[in-house]
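Encoded as structure tokens, the structure appears first; notes follow it.
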Amino acid sequence: MLLFIFDMDDVLYDYDWRRRMEGMTGLTGLSLAELRERWWHAEGELAAEAGRIGSADDYLAAFNAAVGIDVDEADWVRVRGAAMTPWADSIAAVRRAAELGRVTLLTNNGPLTSRHLRSLAPELVPVFGDHLFTSSDYGARKPDPEVFKAVLARYDVPASDAFFADDLPENVAGARSIGITGHLFAGAPGLLAAIEDFARTR
């Protein structure tokens with residue numbers, strides 16, 4: 001069985017991080033600089049993405065403690081979703097991959113995003129089914145090779161039968177370091193061609 005692993009933000013969706021931060025500023029009253037200082041750093045958001053902040057409830061509690069405001073979960077999710085616009089052609093490429101093997105999502109995000117992936121990314125549900133995962137579900141974040149090893153273990157697939165697409169070179173390099181075929185995303189046509197090439201050589 002071939003396994004096709006896809007990033008989400010800036011591969012399957014246009015992700016406008018600044019729009020998200022503007023929404024967070026509206027919710028918290030904090031500037032972008034203050035949000036970075038209080039949460040968007042190695043001990044906050046990045047720790048959550050790496051699985052070091054347990055559950056979605058733990059995440060929201062830690063986030064609210066850091067920013068000093070009780071942000072409602074629904075508002076947090078609304079702001080996250082408002083920063084995402086689906087790319088139909090990229091999702092169509094994933095649909096093709098699903099005809100050639102199994103598809104799964106691997107996005108650097110924390111447990112609160114994981115809880116709400118189906119509502120944040122409804123366009124992915126018909127294609128991925130229950131195979132929507134964040135890095136926090138694996139206890140490591142890209143580009144750490146450990147997260148890719150955990151994905152392979154989940155699906156019991158050797159690295160030689162796995163394909164990974166991401167928009168960041170360091171993440172692609174992390175996958176390649178353990179033998180996964182990596183594709184640096186630069187548009188849907190190239191993604192589709194890479195999927196077809198990978199399947200054809202296996």
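In the structure tokens, the first chain shown is A, the next is B, and so on; residue numbers restart at 1 for each chain, and ligands run from 1 in the order shown.
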| request: May I have the residues within 8 Å of A:Asp137 as a list of chain:residue names, using only C-alpha atoms and disregarding those fewer than 4 positions away in the same chain? | output: A:Gly51, A:Pro111, A:Ser114, A:Phe133
Resulting file, chosen residues, N, CA, C and O atoms, as a PDB file, in the first residue's frame:
ATOM      1  N   GLY A  51       3.054  18.254  20.870  1.00  0.00           N
ATOM      2  CA  GLY A  51       2.359  17.321  21.748  1.00  0.00           C
ATOM      3  C   GLY A  51       2.709  17.464  23.215  1.00  0.00           C
ATOM      4  O   GLY A  51       2.391  16.580  24.010  1.00  0.00           O
ATOM      5  N   PRO A 111      -3.522  20.511  19.854  1.00  0.00           N
ATOM      6  CA  PRO A 111      -4.688  19.654  20.099  1.00  0.00           C
ATOM      7  C   PRO A 111      -6.033  20.338  19.919  1.00  0.00           C
ATOM      8  O   PRO A 111      -7.023  19.651  19.643  1.00  0.00           O
ATOM      9  N   SER A 114      -6.661  20.039  16.343  1.00  0.00           N
ATOM     10  CA  SER A 114      -6.963  18.633  16.082  1.00  0.00           C
ATOM     11  C   SER A 114      -8.422  18.309  16.395  1.00  0.00           C
ATOM     12  O   SER A 114      -9.095  17.626  15.615  1.00  0.00           O
ATOM     13  N   PHE A 133      -4.945  14.366  10.917  1.00  0.00           N
ATOM     14  CA  PHE A 133      -4.136  14.414  12.130  1.00  0.00           C
ATOM     15  C   PHE A 133      -3.260  15.662  12.162  1.00  0.00           C
ATOM     16  O   PHE A 133      -2.825  16.166  11.122  1.00  0.00           O
TER      17      PHE A 133
END
| query | So which residues touch stretch 99-110 of chain A within 9 Å, counting only C-alpha atoms, skipping near sequence neighbours fewer than 5 positions away, as a count of residues only? | reply | 42
Write out as a short mmCIF file (atom, residue, chain, number, x, y, z; two decimals) with C-alpha atoms, in the first residue's frame all residues of stretch 20-172 of chain A that backbone DSSP assigns to strand (DSSP E).
data_model
loop_
_atom_site.label_atom_id
_atom_site.label_comp_id
_atom_site.auth_asym_id
_atom_site.auth_seq_id
_atom_site.Cartn_x
_atom_site.Cartn_y
_atom_site.Cartn_z
CA MET A 84 -8.19 29.40 5.78
CA THR A 85 -9.32 29.33 2.13
CA PRO A 86 -9.43 25.94 0.36
CA ARG A 102 -4.06 5.83 1.27
CA VAL A 103 -3.98 9.52 2.14
CA THR A 104 -3.38 11.12 5.52
CA LEU A 105 -2.93 14.64 6.86
CA LEU A 106 0.06 15.83 8.87
CA THR A 107 -0.15 19.50 9.86
CA LEU A 132 -6.98 13.95 9.64
CA PHE A 133 -4.14 14.41 12.13
CA THR A 134 -2.05 17.19 13.59
CA ALA A 162 5.50 6.88 1.47
CA PHE A 163 5.15 10.27 -0.23
CA PHE A 164 5.06 13.60 1.62
CA ALA A 165 4.15 17.07 0.34
CA ASP A 166 4.84 20.30 2.24
#
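In this comparison, which uses only C-alpha atoms, the residue of A:Ser31, A:Asn171, A:Gly81, A:Pro158 approaching A:Asp16 most closely is A:Gly81.
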Sel. of helix (DSSP H, G or I) residues, stretch 55-148 of chain A, as a short mmCIF file (atom, residue, chain, number, x, y, z; two decimals) with N, CA and C atoms, in the first residue's frame:
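Okay, this is what ended up in part-v4.cif:
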data_model
loop_
_atom_site.label_atom_id
_atom_site.label_comp_id
_atom_site.auth_asym_id
_atom_site.auth_seq_id
_atom_site.Cartn_x
_atom_site.Cartn_y
_atom_site.Cartn_z
N ALA A 56 -7.06 19.17 24.19
CA ALA A 56 -7.58 20.44 23.68
C ALA A 56 -7.98 21.36 24.83
N ASP A 57 -8.56 20.79 25.87
CA ASP A 57 -8.93 21.60 27.04
C ASP A 57 -7.69 22.17 27.72
N ASP A 58 -6.64 21.35 27.82
CA ASP A 58 -5.38 21.82 28.40
C ASP A 58 -4.80 22.96 27.57
N TYR A 59 -4.90 22.80 26.25
CA TYR A 59 -4.38 23.84 25.35
C TYR A 59 -5.10 25.16 25.60
N LEU A 60 -6.43 25.14 25.61
CA LEU A 60 -7.18 26.39 25.77
C LEU A 60 -6.89 27.02 27.12
N ALA A 61 -6.77 26.21 28.15
CA ALA A 61 -6.45 26.74 29.47
C ALA A 61 -5.07 27.39 29.48
N ALA A 62 -4.09 26.74 28.85
CA ALA A 62 -2.74 27.29 28.79
C ALA A 62 -2.70 28.56 27.96
N PHE A 63 -3.42 28.56 26.86
CA PHE A 63 -3.48 29.75 26.00
C PHE A 63 -4.10 30.92 26.75
N ASN A 64 -5.22 30.67 27.40
CA ASN A 64 -5.90 31.74 28.12
C ASN A 64 -5.05 32.28 29.27
N ALA A 65 -4.34 31.39 29.95
CA ALA A 65 -3.46 31.83 31.02
C ALA A 65 -2.34 32.70 30.47
N ALA A 66 -1.82 32.33 29.30
CA ALA A 66 -0.72 33.08 28.71
C ALA A 66 -1.14 34.46 28.24
N VAL A 67 -2.32 34.55 27.64
CA VAL A 67 -2.75 35.85 27.10
C VAL A 67 -3.49 36.68 28.14
N GLU A 73 -13.80 28.92 23.29
CA GLU A 73 -13.32 27.94 22.31
C GLU A 73 -13.92 28.19 20.93
N ALA A 74 -15.21 28.50 20.88
CA ALA A 74 -15.86 28.73 19.58
C ALA A 74 -15.25 29.94 18.88
N ASP A 75 -14.89 30.97 19.64
CA ASP A 75 -14.26 32.15 19.04
C ASP A 75 -12.86 31.83 18.53
N TRP A 76 -12.12 31.04 19.31
CA TRP A 76 -10.78 30.63 18.88
C TRP A 76 -10.86 29.89 17.55
N VAL A 77 -11.81 28.96 17.46
CA VAL A 77 -11.96 28.16 16.25
C VAL A 77 -12.42 29.05 15.08
N ARG A 78 -13.31 29.97 15.35
CA ARG A 78 -13.80 30.87 14.30
C ARG A 78 -12.66 31.69 13.70
N VAL A 79 -11.79 32.21 14.56
CA VAL A 79 -10.66 33.00 14.08
C VAL A 79 -9.70 32.14 13.27
N ARG A 80 -9.45 30.92 13.74
CA ARG A 80 -8.57 30.00 13.00
C ARG A 80 -9.15 29.71 11.62
N GLY A 81 -10.42 29.40 11.57
CA GLY A 81 -11.06 29.05 10.30
C GLY A 81 -11.14 30.22 9.33
N ALA A 82 -11.27 31.43 9.85
CA ALA A 82 -11.37 32.61 8.98
C ALA A 82 -10.08 32.87 8.22
N ALA A 88 -9.00 24.29 -4.34
CA ALA A 88 -9.71 23.16 -4.95
C ALA A 88 -8.79 22.27 -5.76
N ASP A 89 -7.85 22.85 -6.49
CA ASP A 89 -6.97 22.04 -7.33
C ASP A 89 -6.03 21.17 -6.50
N SER A 90 -5.57 21.69 -5.39
CA SER A 90 -4.73 20.88 -4.50
C SER A 90 -5.51 19.72 -3.92
N ILE A 91 -6.74 19.99 -3.50
CA ILE A 91 -7.58 18.95 -2.92
C ILE A 91 -7.92 17.90 -3.98
N ALA A 92 -8.07 18.34 -5.23
CA ALA A 92 -8.30 17.39 -6.33
C ALA A 92 -7.08 16.48 -6.52
N ALA A 93 -5.87 17.03 -6.31
CA ALA A 93 -4.67 16.20 -6.41
C ALA A 93 -4.65 15.14 -5.32
N VAL A 94 -5.10 15.51 -4.11
CA VAL A 94 -5.20 14.53 -3.03
C VAL A 94 -6.22 13.46 -3.38
N ARG A 95 -7.29 13.87 -4.01
CA ARG A 95 -8.31 12.90 -4.41
C ARG A 95 -7.71 11.86 -5.37
N ARG A 96 -6.86 12.33 -6.25
CA ARG A 96 -6.17 11.40 -7.15
C ARG A 96 -5.25 10.47 -6.37
N ALA A 97 -4.54 11.02 -5.38
CA ALA A 97 -3.67 10.18 -4.56
C ALA A 97 -4.47 9.11 -3.83
N ALA A 98 -5.68 9.45 -3.41
CA ALA A 98 -6.53 8.48 -2.71
C ALA A 98 -6.94 7.33 -3.61
N GLU A 99 -6.91 7.54 -4.93
CA GLU A 99 -7.19 6.46 -5.87
C GLU A 99 -5.99 5.53 -6.02
N LEU A 100 -4.82 6.06 -5.68
CA LEU A 100 -3.57 5.30 -5.88
C LEU A 100 -3.06 4.65 -4.60
N PRO A 111 -3.52 20.51 19.85
CA PRO A 111 -4.69 19.65 20.10
C PRO A 111 -6.03 20.34 19.92
N LEU A 112 -6.11 21.65 20.05
CA LEU A 112 -7.39 22.32 19.84
C LEU A 112 -7.74 22.33 18.35
N THR A 113 -6.75 22.56 17.52
CA THR A 113 -6.99 22.43 16.07
C THR A 113 -7.34 21.00 15.73
N SER A 114 -6.66 20.04 16.34
CA SER A 114 -6.96 18.63 16.08
C SER A 114 -8.42 18.31 16.39
N ARG A 115 -8.90 18.81 17.51
CA ARG A 115 -10.29 18.55 17.90
C ARG A 115 -11.27 19.06 16.85
N LEU A 117 -10.61 19.80 13.46
CA LEU A 117 -10.17 19.72 12.06
C LEU A 117 -11.33 19.50 11.10
N ARG A 118 -12.29 18.70 11.48
CA ARG A 118 -13.38 18.37 10.56
C ARG A 118 -14.25 19.60 10.26
N SER A 119 -14.37 20.50 11.21
CA SER A 119 -15.13 21.73 10.95
C SER A 119 -14.26 22.82 10.35
N LEU A 120 -12.98 22.85 10.70
CA LEU A 120 -12.07 23.83 10.13
C LEU A 120 -11.77 23.54 8.66
N PRO A 122 -13.63 21.31 6.27
CA PRO A 122 -14.69 20.37 5.85
C PRO A 122 -14.46 19.81 4.45
N GLU A 123 -13.74 20.56 3.63
CA GLU A 123 -13.47 20.08 2.27
C GLU A 123 -12.59 18.84 2.26
N LEU A 124 -11.87 18.60 3.34
CA LEU A 124 -10.97 17.46 3.40
C LEU A 124 -11.65 16.17 3.85
N VAL A 125 -12.76 16.31 4.53
CA VAL A 125 -13.41 15.14 5.14
C VAL A 125 -13.79 14.09 4.09
N PRO A 126 -14.40 14.47 2.95
CA PRO A 126 -14.75 13.44 1.98
C PRO A 126 -13.54 12.73 1.37
N VAL A 127 -12.38 13.38 1.40
CA VAL A 127 -11.17 12.81 0.79
C VAL A 127 -10.36 12.01 1.81
N PHE A 128 -10.16 12.58 2.99
CA PHE A 128 -9.31 11.95 4.01
C PHE A 128 -10.09 11.05 4.98
N SER A 135 0.30 17.37 14.15
CA SER A 135 1.55 16.92 14.75
C SER A 135 1.38 16.58 16.22
N SER A 136 0.51 17.31 16.90
CA SER A 136 0.30 17.04 18.34
C SER A 136 -0.23 15.64 18.58
N ASP A 137 -0.92 15.07 17.61
CA ASP A 137 -1.41 13.69 17.74
C ASP A 137 -0.27 12.68 17.75
N PRO A 145 12.35 14.18 12.46
CA PRO A 145 12.14 12.88 11.84
C PRO A 145 11.21 11.97 12.64
N GLU A 146 11.14 12.19 13.96
CA GLU A 146 10.31 11.32 14.80
C GLU A 146 8.84 11.38 14.42
N VAL A 147 8.37 12.54 13.97
CA VAL A 147 6.96 12.63 13.61
C VAL A 147 6.67 11.81 12.36
N PHE A 148 7.62 11.79 11.44
CA PHE A 148 7.44 10.98 10.23
C PHE A 148 7.53 9.49 10.54
#
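Atom CA of A:Leu12 lies 23.3 Å from atom CA of A:Val157.
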| query | With only C-alpha atoms as the basis for distance, which of A:His183, A:Gly54, A:Ile69, A:Asp10 is at the shortest distance from A:Met24? | reply | A:Ile69
| field | Proximity to A:Trp87 - best of A:Val11, A:Leu184, A:Ala173, A:Ala159, only C-alpha atoms | value | A:Val11
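One finds atom CA of A:Gly68 at 8.1 Å from atom CA of A:Thr28.
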| field | Nearest residue to A:Ala186 from the set A:Pro143, A:Gly174, A:Arg202, A:Pro169 (distances using only C-alpha atoms) | value | A:Pro169
